[in-house]
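For reference, the structure is listed below as structure tokens.
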Amino acid sequence: MPHEQYQACIDACTRCAQACRHCAASCLQEHDVQKMTECIRLDLDCAGICELSVAYMSRGSNQSRELCALCAQICERCAEECARHHAQHCQQCAQACRDCAQACRQMAAA
């Protein structure tokens, strides 16, 4: 199965997408939603690229490495933004994004 060689990255991307979607939904509940706008945007972008990366890896696409390299960049941007906020959901999301970025870089370099 093509996806077995990418399983660690698939798992990291799945965890990251879940954390990002949770973070975006939680940001919408914050008192000052306006200051969370960029965080929400990046959360949604990151979740989307992570989910797309999982789909590519799962089917063994020849473009998986290039997509995962881009995914790592977007995860890093999201991690930086989330880390700026003190909310627990943002801090957890930042960590999931950093973990995913590392897994994607390793996959892309393999």
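Chain labels A, B, ... are given in the sequence in which chains occur in the structure tokens; within each chain residues are numbered consecutively from 1, and ligands are likewise numbered from 1 in the order shown.
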Picked from chain A by DSSP as alpha helix (DSSP H), as a ChimeraX atom specification = /A:7-27,37-58,64-83,88-109
query = Counting only C-alpha atoms, what is within 10 Å of Ala87 (chain A), bar same-chain residues fewer than 4 positions away, as JSON, numbers by chain?
reply = {"A": [23, 26, 27, 30, 82, 83, 91, 92, 93]}
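Going from CA of Gln88 (chain A) over to CA of Met107 (chain A), you cover 28.6 Å.
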message = Which residues are close to Glu51 (chain A), i.e. within 7 Å by only C-alpha atoms, leaving aside same-chain residues fewer than 4 positions away? Reply as a PyMOL selection string.
response = chain A and resi 13-14+17+47+55
Can you spit out the residues from that selection as an mmCIF file, in the first residue's frame, using N, CA, C and O atoms?
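Heads up, here's the output in again_11.cif:
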data_model
loop_
_atom_site.group_PDB
_atom_site.id
_atom_site.type_symbol
_atom_site.label_atom_id
_atom_site.label_comp_id
_atom_site.auth_asym_id
_atom_site.auth_seq_id
_atom_site.Cartn_x
_atom_site.Cartn_y
_atom_site.Cartn_z
ATOM 1 N N CYS A 13 -0.243 15.063 9.903
ATOM 2 C CA CYS A 13 -1.124 15.963 9.155
ATOM 3 C C CYS A 13 -2.564 15.867 9.647
ATOM 4 O O CYS A 13 -3.261 16.887 9.747
ATOM 5 N N THR A 14 -2.999 14.669 9.957
ATOM 6 C CA THR A 14 -4.363 14.483 10.460
ATOM 7 C C THR A 14 -4.534 15.168 11.815
ATOM 8 O O THR A 14 -5.519 15.881 12.039
ATOM 9 N N ALA A 17 -4.563 18.988 11.227
ATOM 10 C CA ALA A 17 -5.829 19.467 10.662
ATOM 11 C C ALA A 17 -6.905 19.531 11.737
ATOM 12 O O ALA A 17 -7.662 20.509 11.812
ATOM 13 N N ALA A 47 -5.350 23.598 7.912
ATOM 14 C CA ALA A 47 -6.175 22.389 7.922
ATOM 15 C C ALA A 47 -6.406 21.886 6.505
ATOM 16 O O ALA A 47 -6.302 20.685 6.228
ATOM 17 N N ALA A 55 -4.535 13.177 1.550
ATOM 18 C CA ALA A 55 -5.148 12.547 0.380
ATOM 19 C C ALA A 55 -4.086 12.163 -0.652
ATOM 20 O O ALA A 55 -4.128 11.051 -1.203
#
